[in-house]
file query.txt (compact mmCIF, C-alpha atoms and all ligand atoms)
# COMPACT_ATOMS: atom_id res chain seq x y z
CA MET A 98 73.66 76.34 100.23
CA SER A 99 75.81 79.02 98.73
CA THR A 100 74.77 81.02 95.74
CA VAL A 101 78.25 82.40 95.22
CA ILE A 102 79.27 82.81 91.66
CA GLU A 103 82.51 84.66 91.28
CA PHE A 104 82.63 86.49 87.97
CA GLU A 105 82.56 83.07 86.30
CA LEU A 106 81.65 84.19 82.86
CA GLU A 107 83.07 83.75 79.47
CA THR A 108 85.17 86.70 78.50
CA SER A 109 83.39 89.49 76.79
CA SER A 110 85.58 88.98 73.75
CA ARG A 111 84.06 85.54 73.23
CA ARG A 112 80.44 86.59 73.50
CA GLY A 113 78.40 89.75 73.75
CA ARG A 114 77.66 91.15 77.19
CA SER A 115 74.23 90.32 78.53
CA LYS A 116 71.76 92.97 79.65
CA VAL A 117 69.24 92.96 82.45
CA ARG A 118 65.84 93.96 81.08
CA VAL A 119 63.96 94.51 84.35
CA PRO A 120 64.20 97.72 86.42
CA ASN A 121 64.85 96.11 89.81
CA VAL A 122 67.03 93.37 91.25
CA THR A 123 65.15 90.17 92.07
CA LEU A 124 66.18 87.14 94.12
CA ALA A 125 66.81 85.34 90.80
CA HIS A 126 69.75 87.70 90.25
CA GLY A 127 71.48 86.07 93.20
CA GLY A 128 70.54 82.53 92.23
CA GLY A 129 73.72 81.56 90.43
CA GLY A 130 72.06 81.00 87.07
CA LYS A 131 71.53 82.93 83.86
CA ALA A 132 69.87 85.92 85.61
CA MET A 133 72.92 86.31 87.83
CA ARG A 134 75.32 86.11 84.90
CA ASP A 135 73.30 88.81 83.21
CA LEU A 136 73.44 91.06 86.28
CA ILE A 137 77.20 90.64 86.70
CA ASP A 138 77.73 91.20 83.01
CA ASP A 139 75.49 94.24 82.71
CA VAL A 140 76.52 96.02 85.90
CA PHE A 141 80.00 94.96 86.97
CA ILE A 142 81.87 93.62 83.93
CA GLU A 143 80.53 96.50 81.88
CA ALA A 144 81.94 99.03 84.37
CA PHE A 145 85.15 97.36 85.60
CA ASP A 146 86.42 95.67 82.40
CA ASN A 147 90.23 95.19 82.60
CA PRO A 148 92.76 92.48 81.60
CA THR A 149 93.15 91.00 85.12
CA LEU A 150 89.37 90.69 85.55
CA ALA A 151 88.75 89.48 81.99
CA PRO A 152 89.47 85.74 82.46
CA LEU A 153 86.65 85.71 85.07
CA GLU A 154 88.11 82.87 87.07
CA ASP A 155 87.30 82.36 90.76
CA GLN A 156 90.37 84.40 91.66
CA ALA A 157 92.45 87.17 90.13
CA ARG A 158 96.01 86.10 89.32
CA PHE A 159 99.14 88.23 89.60
CA ASP A 160 102.66 87.94 88.45
CA LEU A 161 104.72 88.17 91.67
CA THR A 162 107.72 89.61 89.87
CA SER A 163 105.76 92.62 88.72
CA LEU A 164 104.40 93.20 92.24
CA ALA A 165 107.89 92.94 93.74
CA ALA A 166 109.10 95.69 91.44
CA TYR A 167 107.17 98.18 93.61
CA GLY A 168 108.69 97.24 96.97
CA ASP A 169 109.37 94.45 99.43
CA LYS A 170 106.15 94.16 101.47
CA LEU A 171 102.60 93.35 100.45
CA ALA A 172 99.82 95.37 102.14
CA PHE A 173 96.39 93.73 102.30
CA THR A 174 93.24 95.35 103.70
CA THR A 175 89.45 95.03 103.70
CA ASP A 176 86.57 97.33 104.56
CA SER A 177 82.77 97.15 104.32
CA TYR A 178 80.61 100.11 103.36
CA VAL A 179 77.04 100.50 104.59
CA VAL A 180 76.53 104.26 104.25
CA ASP A 181 72.98 105.61 104.25
CA PRO A 182 71.99 107.21 101.86
CA LEU A 183 73.76 105.47 98.95
CA ILE A 184 74.31 108.73 97.07
CA PHE A 185 75.23 112.00 98.78
CA PRO A 186 76.82 115.35 97.86
CA GLY A 187 80.47 114.70 96.95
CA GLY A 188 80.15 110.95 96.45
CA ASP A 189 78.27 107.68 96.74
CA ILE A 190 78.80 104.28 98.36
CA GLY A 191 80.84 103.11 95.32
CA LYS A 192 83.27 106.02 95.32
CA LEU A 193 83.54 105.63 99.11
CA ALA A 194 84.29 101.90 98.81
CA VAL A 195 87.13 102.54 96.35
CA CYS A 196 88.61 105.59 98.11
CA GLY A 197 88.37 104.05 101.56
CA THR A 198 90.31 100.93 100.63
CA ILE A 199 92.87 102.87 98.57
CA ASN A 200 93.42 105.12 101.60
CA ASP A 201 93.74 102.21 104.02
CA LEU A 202 96.57 100.88 101.83
CA ALA A 203 98.19 104.25 101.21
CA VAL A 204 98.42 105.27 104.88
CA GLY A 205 100.68 102.26 105.42
CA GLY A 206 102.99 103.65 102.75
CA ALA A 207 101.72 101.22 100.11
CA LYS A 208 101.12 101.86 96.44
CA PRO A 209 97.50 100.69 95.98
CA LEU A 210 97.19 98.27 93.05
CA TYR A 211 94.20 95.93 93.02
CA LEU A 212 90.77 95.88 94.65
CA THR A 213 87.96 93.37 95.00
CA CYS A 214 84.28 94.27 94.96
CA SER A 215 81.74 92.19 96.86
CA VAL A 216 78.17 93.37 96.95
CA ILE A 217 75.20 92.37 99.07
CA ILE A 218 72.07 93.63 97.33
CA GLU A 219 68.57 93.85 98.75
CA GLU A 220 65.83 92.46 96.54
CA GLY A 221 64.09 95.38 94.83
CA MET A 222 67.21 97.56 94.47
CA SER A 223 67.04 99.77 91.37
CA LEU A 224 69.20 98.43 88.52
CA GLU A 225 69.89 101.92 87.30
CA THR A 226 71.18 103.02 90.71
CA LEU A 227 73.32 99.88 90.88
CA ARG A 228 74.80 100.65 87.44
CA GLU A 229 75.45 104.24 88.50
CA ILE A 230 77.30 103.07 91.62
CA ALA A 231 79.38 100.52 89.67
CA ARG A 232 80.32 103.23 87.13
CA SER A 233 81.30 105.51 89.99
CA MET A 234 83.56 102.77 91.42
CA ALA A 235 85.16 102.26 87.99
CA LYS A 236 85.70 105.98 87.45
CA THR A 237 87.28 106.44 90.89
CA ALA A 238 89.52 103.39 90.40
CA ASN A 239 90.58 104.54 86.92
CA LEU A 240 91.49 108.01 88.13
CA ALA A 241 93.49 106.48 90.96
CA GLY A 242 95.27 103.97 88.72
CA VAL A 243 93.96 100.86 90.49
CA PHE A 244 92.01 97.91 89.06
CA ILE A 245 88.98 96.07 90.38
CA VAL A 246 89.93 92.50 89.54
CA THR A 247 87.49 90.10 91.20
CA GLY A 248 84.21 90.16 93.06
CA ASP A 249 81.13 88.47 94.38
CA THR A 250 77.40 89.15 94.16
CA LYS A 251 74.69 88.17 96.65
CA VAL A 252 71.04 89.12 96.67
CA VAL A 253 69.10 88.89 99.94
CA PRO A 254 65.32 89.11 100.46
CA ARG A 255 63.67 92.48 101.07
CA GLY A 256 64.47 93.68 104.59
CA ALA A 257 67.52 91.43 105.08
CA CYS A 258 69.83 94.36 104.23
CA ASP A 259 69.23 97.99 103.27
CA LYS A 260 69.51 98.37 99.44
CA LEU A 261 73.24 97.79 99.05
CA PHE A 262 76.30 96.95 101.12
CA ILE A 263 79.76 96.79 99.50
CA ASN A 264 82.98 95.20 100.67
CA THR A 265 86.25 96.09 98.98
CA ALA A 266 89.50 94.35 99.83
CA GLY A 267 92.70 95.72 98.37
CA ILE A 268 96.34 94.91 97.90
CA GLY A 269 99.26 97.25 97.49
CA VAL A 270 103.01 97.14 97.77
CA ILE A 271 105.05 99.00 100.39
CA ARG A 272 108.31 100.48 99.20
CA GLU A 273 111.51 99.36 100.82
CA GLY A 274 112.52 101.19 103.99
CA ILE A 275 109.03 102.39 104.94
CA ASN A 276 107.71 101.26 108.30
CA LEU A 277 104.97 103.51 109.65
CA GLY A 278 103.13 102.76 112.88
CA ALA A 279 100.89 104.22 115.58
CA ASP A 280 103.53 103.09 118.10
CA GLN A 281 106.27 105.31 116.69
CA ALA A 282 105.32 108.78 117.91
CA GLN A 283 107.96 110.51 120.03
CA PRO A 284 107.81 113.60 122.25
CA GLY A 285 108.48 116.66 120.11
CA ASP A 286 106.87 115.24 116.93
CA ALA A 287 104.39 117.45 115.07
CA ILE A 288 100.79 116.46 114.31
CA LEU A 289 99.54 117.48 110.85
CA VAL A 290 96.20 117.20 109.06
CA ASN A 291 95.57 117.87 105.37
CA GLY A 292 92.51 120.10 105.69
CA LEU A 293 89.03 120.81 107.05
CA LEU A 294 87.72 118.11 109.35
CA GLY A 295 84.24 116.64 109.65
CA ASP A 296 82.84 117.42 106.20
CA HIS A 297 81.89 113.81 105.37
CA GLY A 298 80.07 113.22 108.65
CA ALA A 299 78.33 116.59 108.43
CA THR A 300 77.23 115.92 104.83
CA ILE A 301 75.69 112.55 105.69
CA LEU A 302 73.89 114.10 108.64
CA LYS A 303 72.59 116.86 106.43
CA VAL A 304 71.25 114.61 103.65
CA ARG A 305 69.56 112.28 106.09
CA GLY A 306 67.39 115.26 106.81
CA ASP A 307 67.68 114.91 110.57
CA MET A 308 67.71 118.70 110.53
CA ALA A 309 66.89 121.33 107.96
CA LEU A 310 70.43 122.53 107.40
CA ASN A 311 70.96 125.11 104.76
CA THR A 312 74.55 124.45 103.67
CA ASN A 313 76.41 123.45 100.51
CA ILE A 314 78.81 121.22 102.39
CA GLU A 315 79.99 118.09 100.51
CA SER A 316 81.76 114.90 101.49
CA ASP A 317 85.57 115.13 101.24
CA CYS A 318 85.68 111.56 99.86
CA ALA A 319 88.93 111.27 97.82
CA PRO A 320 91.81 108.88 97.14
CA LEU A 321 94.82 110.17 99.05
CA HIS A 322 97.69 108.01 97.76
CA GLU A 323 99.28 110.74 95.63
CA LEU A 324 99.16 113.26 98.45
CA ILE A 325 100.66 110.61 100.72
CA ASP A 326 103.46 109.96 98.21
CA ALA A 327 104.35 113.64 98.30
CA ILE A 328 104.39 113.64 102.12
CA ILE A 329 106.65 110.58 102.30
CA LYS A 330 109.10 112.19 99.87
CA ALA A 331 109.14 115.44 101.87
CA ALA A 332 109.38 113.76 105.28
CA PRO A 333 111.38 110.53 104.93
CA ASN A 334 111.28 109.92 108.68
CA LEU A 335 107.49 110.20 108.90
CA ARG A 336 106.36 108.13 111.89
CA PHE A 337 102.69 107.46 111.24
CA MET A 338 99.68 108.24 109.06
CA ARG A 339 96.01 107.30 109.40
CA ASP A 340 92.89 108.32 107.51
CA ALA A 341 90.54 109.86 110.07
CA THR A 342 87.36 108.04 109.01
CA ARG A 343 84.75 106.76 111.46
CA GLY A 344 85.54 108.20 114.89
CA GLY A 345 87.32 111.19 113.35
CA LEU A 346 90.47 112.99 114.43
CA ALA A 347 89.92 112.29 118.13
CA THR A 348 89.94 108.52 117.65
CA VAL A 349 93.16 108.53 115.61
CA LEU A 350 94.94 110.73 118.16
CA ASN A 351 93.87 108.45 121.01
CA GLU A 352 95.21 105.41 119.17
CA VAL A 353 98.60 107.11 118.73
CA ALA A 354 98.72 108.23 122.37
CA GLU A 355 97.89 104.71 123.51
CA SER A 356 100.16 102.76 121.14
CA SER A 357 103.16 105.06 121.56
CA GLN A 358 102.56 105.62 125.31
CA VAL A 359 102.86 109.38 124.88
CA SER A 360 100.62 112.39 125.38
CA LEU A 361 99.26 114.44 122.48
CA GLU A 362 98.44 118.14 122.65
CA ILE A 363 96.41 119.88 119.95
CA PHE A 364 95.23 123.46 119.69
CA GLU A 365 91.60 124.31 119.01
CA ASP A 366 92.50 127.49 117.09
CA LYS A 367 94.83 125.56 114.76
CA THR A 368 92.46 122.65 114.07
CA PRO A 369 90.66 123.36 110.78
CA ILE A 370 86.89 122.92 111.06
CA ARG A 371 84.26 124.95 109.20
CA ASP A 372 82.21 127.33 111.31
CA GLU A 373 79.02 125.78 109.91
CA VAL A 374 80.19 122.28 110.93
CA LYS A 375 80.98 123.56 114.42
CA GLY A 376 77.62 125.33 114.48
CA PHE A 377 75.41 122.38 113.74
CA CYS A 378 77.50 120.02 115.85
CA GLU A 379 76.70 122.37 118.69
CA ILE A 380 72.98 122.23 117.92
CA LEU A 381 72.98 118.42 117.64
CA GLY A 382 75.19 117.88 120.67
CA LEU A 383 77.98 116.32 118.59
CA ASP A 384 81.71 116.94 118.77
CA PRO A 385 83.31 117.69 115.37
CA LEU A 386 86.56 116.07 116.52
CA TYR A 387 84.74 112.72 116.24
CA LEU A 388 83.01 113.37 112.91
CA ALA A 389 83.98 111.03 110.06
CA ASN A 390 86.23 112.15 107.20
CA GLU A 391 86.81 110.29 103.94
CA GLY A 392 89.62 112.41 102.52
CA LYS A 393 91.61 113.48 105.56
CA ILE A 394 94.75 112.04 107.09
CA VAL A 395 96.52 112.64 110.36
CA CYS A 396 100.35 112.54 110.18
CA VAL A 397 102.90 112.36 112.97
CA VAL A 398 106.21 113.79 111.76
CA PRO A 399 109.54 114.52 113.46
CA ALA A 400 109.68 118.25 114.30
CA ASN A 401 112.54 118.91 111.88
CA GLU A 402 110.53 117.52 108.94
CA ALA A 403 107.20 119.13 109.85
CA GLU A 404 107.65 122.22 107.75
CA ALA A 405 108.59 120.25 104.63
CA ALA A 406 105.70 117.82 105.14
CA LEU A 407 103.24 120.68 105.61
CA ALA A 408 104.51 122.44 102.46
CA ALA A 409 104.18 119.19 100.47
CA MET A 410 100.58 118.86 101.64
CA GLN A 411 99.71 122.46 100.85
CA ASN A 412 101.16 122.10 97.34
CA HIS A 413 98.77 119.24 96.58
CA PRO A 414 95.12 119.91 95.64
CA LEU A 415 93.93 117.59 98.44
CA GLY A 416 96.08 119.30 101.07
CA GLN A 417 95.54 122.99 100.49
CA GLY A 418 93.95 123.43 103.90
CA ALA A 419 96.69 121.48 105.69
CA ALA A 420 97.65 122.56 109.19
CA ASN A 421 100.07 121.78 111.98
CA ILE A 422 97.58 121.26 114.82
CA GLY A 423 99.82 120.28 117.73
CA HIS A 424 102.55 118.01 119.00
CA VAL A 425 103.51 114.93 120.94
CA THR A 426 104.63 115.50 124.54
CA ASP A 427 106.06 113.39 127.36
CA GLY A 428 102.96 114.08 129.47
CA ARG A 429 100.73 111.33 130.84
CA ALA A 430 100.88 108.32 128.53
CA GLY A 431 97.71 107.72 126.52
CA ARG A 432 96.25 111.18 127.08
CA VAL A 433 95.05 113.57 124.36
CA VAL A 434 94.52 117.19 125.39
CA MET A 435 93.11 120.11 123.44
CA LYS A 436 94.06 123.67 124.37
CA THR A 437 90.88 125.66 123.86
CA VAL A 438 90.56 129.12 122.32
CA PHE A 439 89.71 130.40 125.78
CA GLY A 440 93.06 129.29 127.16
CA GLY A 441 91.69 126.28 129.01
CA GLN A 442 92.24 122.64 128.22
CA ARG A 443 89.98 119.65 127.76
CA ILE A 444 90.68 115.95 127.62
CA VAL A 445 89.82 114.42 124.23
CA ASP A 446 88.76 110.88 125.13
CA MET A 447 88.10 107.77 123.10
CA LEU A 448 84.39 107.44 122.23
CA VAL A 449 82.70 104.55 123.98
CA GLY A 450 80.15 103.85 121.26
CA GLU A 451 79.47 105.27 117.85
CA GLN A 452 78.41 108.88 117.42
CA LEU A 453 76.53 108.25 114.16
CA PRO A 454 75.58 104.87 112.71
CA ARG A 455 76.07 104.03 108.99
CA ILE A 456 78.27 107.02 108.24
CA CYS A 457 80.61 105.08 105.91
MG MG B 501 91.22 103.63 107.55
call {"tool": "encode", "arguments": {"input": "query.txt", "output": "C-alpha cells"}}
result
Amino acid sequence: MSTVIEFELETSSRRGRSKVRVPNVTLAHGGGGKAMRDLIDDVFIEAFDNPTLAPLEDQARFDLTSLAAYGDKLAFTTDSYVVDPLIFPGGDIGKLAVCGTINDLAVGGAKPLYLTCSVIIEEGMSLETLREIARSMAKTANLAGVFIVTGDTKVVPRGACDKLFINTAGIGVIREGINLGADQAQPGDAILVNGLLGDHGATILKVRGDMALNTNIESDCAPLHELIDAIIKAAPNLRFMRDATRGGLATVLNEVAESSQVSLEIFEDKTPIRDEVKGFCEILGLDPLYLANEGKIVCVVPANEAEAALAAMQNHPLGQGAANIGHVTDGRAGRVVMKTVFGGQRIVDMLVGEQLPRIC
C-alpha cells in the first residue's frame, strides 16, 4: 500500500501554510494524512514556493513552446544522494542534490530548467535539519536559475534508511547543433579540467573522522552550467564534457578511452591536486585520481580550440584553477596512461569496486 502523496495541497494563497510542531519526523508524517500535509507544507512548500509548483497537482506542467525556445532537444536525468554526513564543509546533501543534477544536465550541453525532489526520511530525523536542507536546496536552485517543481515524501521506520536520502530528477533543453559524447574524442584532442581535483572526496573523508586530519579543505560542490556555457562559446567544436563525481577523474578518462576507442595520456605534474589531498591519500592508501568531485568537469577539446577553452575556464570563478592535463593519442584503444613526475608511466585503470561508500 503506497503512502505517496505528491504535493497534493491547496495552494498557499488559498490557505495558510501548516507548521509541524514536533521536533522530529514520525511515521505519521509519511502516512498520507494531515501530518504529512503539514510536513510538506512546513518544509518543502515553504522553501521551494514557485508558480510551477504552486498548483500542487500530481505532476508539474510545462508549456512546450516555452521549452522549445531554448533548443531542439530535451535532456532528462536523475540521481540519488545518500552522502554521509548530511552536512559537511562546503555543502550539504540538499545543495549536492541540486548541483549534481544541474551538472548532469549541463555537461550534455543543456540549459537546466526544472528539478524534482523526492525524499526518503528515516523516522526520528530532526525537523530543523530537514528544514535547513530544504532551504539549502532552494537557495542553490534560486542562484542557479532553476525551479524545483514537484516532489514526493516517504518516511521509513528507524533503521530502514540513514536519516535522509534525496533523489532529484531534472530536465533541461539542449541548444541546436550541440552533440557532445564520450565517443567523440580524437587523437590530438586536449584534455582539460577546471581546477583542483579530489576536494569533495577528501572533505567527506575528513568529516567522517576516519582520521584526525588538520585541514580546512571544503567540498567543491557547485553548479557548473554557467562555466559550461562559457566553454561551449569558446570551443564550439567541444567533443565531450563530464562532471568527475564518484570515481573521479580516472573513471571519466577511462570511459572516454573506451567509448572513443582511443588512448589518453595525462601528466602528473599538470594535474591539479592539493598537496594535502595527495598527502592523506597516501596515508589512507587511496588514489586521488579516483576521489569524487562535485564541482569539477573534464573536457575533451580539439587541439586548436584548447587555448580558448582554457582561457574561458580561467576567466570564470569556478575555473580559476583550470589546467590542460594531457591529450588523446592513437595508442592502444581503451588505455589511460599517466606520465609521472619521475619520468615513468603508470596505467590508470577503471576501479573494480567503489573506493569510498556514500560519498555523494
Ligand atoms: Mg554526472
call {"tool": "closest_atom_pairs", "arguments": {"input": "query.txt", "of": "chain A", "to": "ligand MG 501 (chain B)", "cutoff": "12 Å", "atoms": "only C-alpha atoms and all ligand atoms", "output": "tab-separated table"}}
result
residue	atom	partner	partner_atom	distance
A:Thr174	CA	B:MG501	MG	9.4
A:Thr175	CA	B:MG501	MG	9.6
A:Asp176	CA	B:MG501	MG	8.4
A:Ser177	CA	B:MG501	MG	11.1
A:Tyr178	CA	B:MG501	MG	11.9
A:Leu193	CA	B:MG501	MG	11.6
A:Ala194	CA	B:MG501	MG	11.3
A:Val195	CA	B:MG501	MG	12.0
A:Cys196	CA	B:MG501	MG	10.0
A:Gly197	CA	B:MG501	MG	6.6
A:Thr198	CA	B:MG501	MG	7.5
A:Ile199	CA	B:MG501	MG	9.2
A:Asn200	CA	B:MG501	MG	6.5
A:Asp201	CA	B:MG501	MG	4.6
A:Leu202	CA	B:MG501	MG	8.3
A:Ala203	CA	B:MG501	MG	9.4
A:Val204	CA	B:MG501	MG	7.9
A:Gly205	CA	B:MG501	MG	9.8
A:Pro320	CA	B:MG501	MG	11.7
A:Leu321	CA	B:MG501	MG	11.3
A:Met338	CA	B:MG501	MG	9.8
A:Arg339	CA	B:MG501	MG	6.3
A:Asp340	CA	B:MG501	MG	5.0
A:Ala341	CA	B:MG501	MG	6.8
A:Thr342	CA	B:MG501	MG	6.0
A:Arg343	CA	B:MG501	MG	8.2
A:Gly344	CA	B:MG501	MG	10.3
A:Gly345	CA	B:MG501	MG	10.3
A:Leu346	CA	B:MG501	MG	11.6
A:Thr348	CA	B:MG501	MG	11.3
A:Val349	CA	B:MG501	MG	9.6
A:Ala389	CA	B:MG501	MG	10.7
A:Asn390	CA	B:MG501	MG	9.9
A:Glu391	CA	B:MG501	MG	8.8
A:Gly392	CA	B:MG501	MG	10.2
A:Lys393	CA	B:MG501	MG	10.1
A:Ile394	CA	B:MG501	MG	9.1
A:Val395	CA	B:MG501	MG	10.8
A:Cys457	CA	B:MG501	MG	10.8
call {"tool": "closest_residue", "arguments": {"input": "query.txt", "among": "A:Arg228, A:Gly295, A:Asp372, A:Arg455", "to": "Asp259 of chain A", "atoms": "only C-alpha atoms"}}
result
A:Arg455
call {"tool": "residues_around", "arguments": {"input": "query.txt", "residues": "Ala235 of chain A", "least_positions_apart": "2", "cutoff": "10 Å", "atoms": "all atoms listed in the file", "output": "PyMOL selection string"}}
result
chain A and resi 141+143-146+191-192+195+229-233+237-241+243-245
call {"tool": "closest_residue", "arguments": {"input": "query.txt", "among": "A:Pro333, A:Gly206, A:Gly242, A:Gly221", "to": "Gly127 of chain A", "atoms": "all atoms listed in the file"}}
result
A:Gly221
call {"tool": "closest_residue", "arguments": {"input": "query.txt", "among": "A:Val434, A:Leu224, A:Val398, A:Leu171", "to": "Val140 of chain A", "atoms": "only C-alpha atoms"}}
result
A:Leu224
call {"tool": "residues_around", "arguments": {"input": "query.txt", "residues": "Phe439 of chain A", "least_positions_apart": "3", "cutoff": "12 Å", "atoms": "only C-alpha atoms", "output": "ChimeraX atom specification"}}
result
/A:364-366,435-436,442-443
call {"tool": "residues_around", "arguments": {"input": "query.txt", "residues": "Asp446 of chain A", "least_positions_apart": "3", "cutoff": "9 Å", "atoms": "all atoms listed in the file", "output": "list in words"}}
result
Ala347, Thr348, Asn351, Arg432, Val433, Val434 and Val449 of chain A
call {"tool": "residues_around", "arguments": {"input": "query.txt", "residues": "Thr247 of chain A", "least_positions_apart": "6", "cutoff": "7 Å", "atoms": "all atoms listed in the file", "output": "list in words"}}
result
Phe104, Leu150, Gln156, Ala157, Thr213 and Cys214 of chain A
call {"tool": "closest_residue", "arguments": {"input": "query.txt", "among": "A:Ala172, A:Val179, A:Leu164, A:Ala409", "to": "Ala327 of chain A", "atoms": "all atoms listed in the file"}}
result
A:Ala409
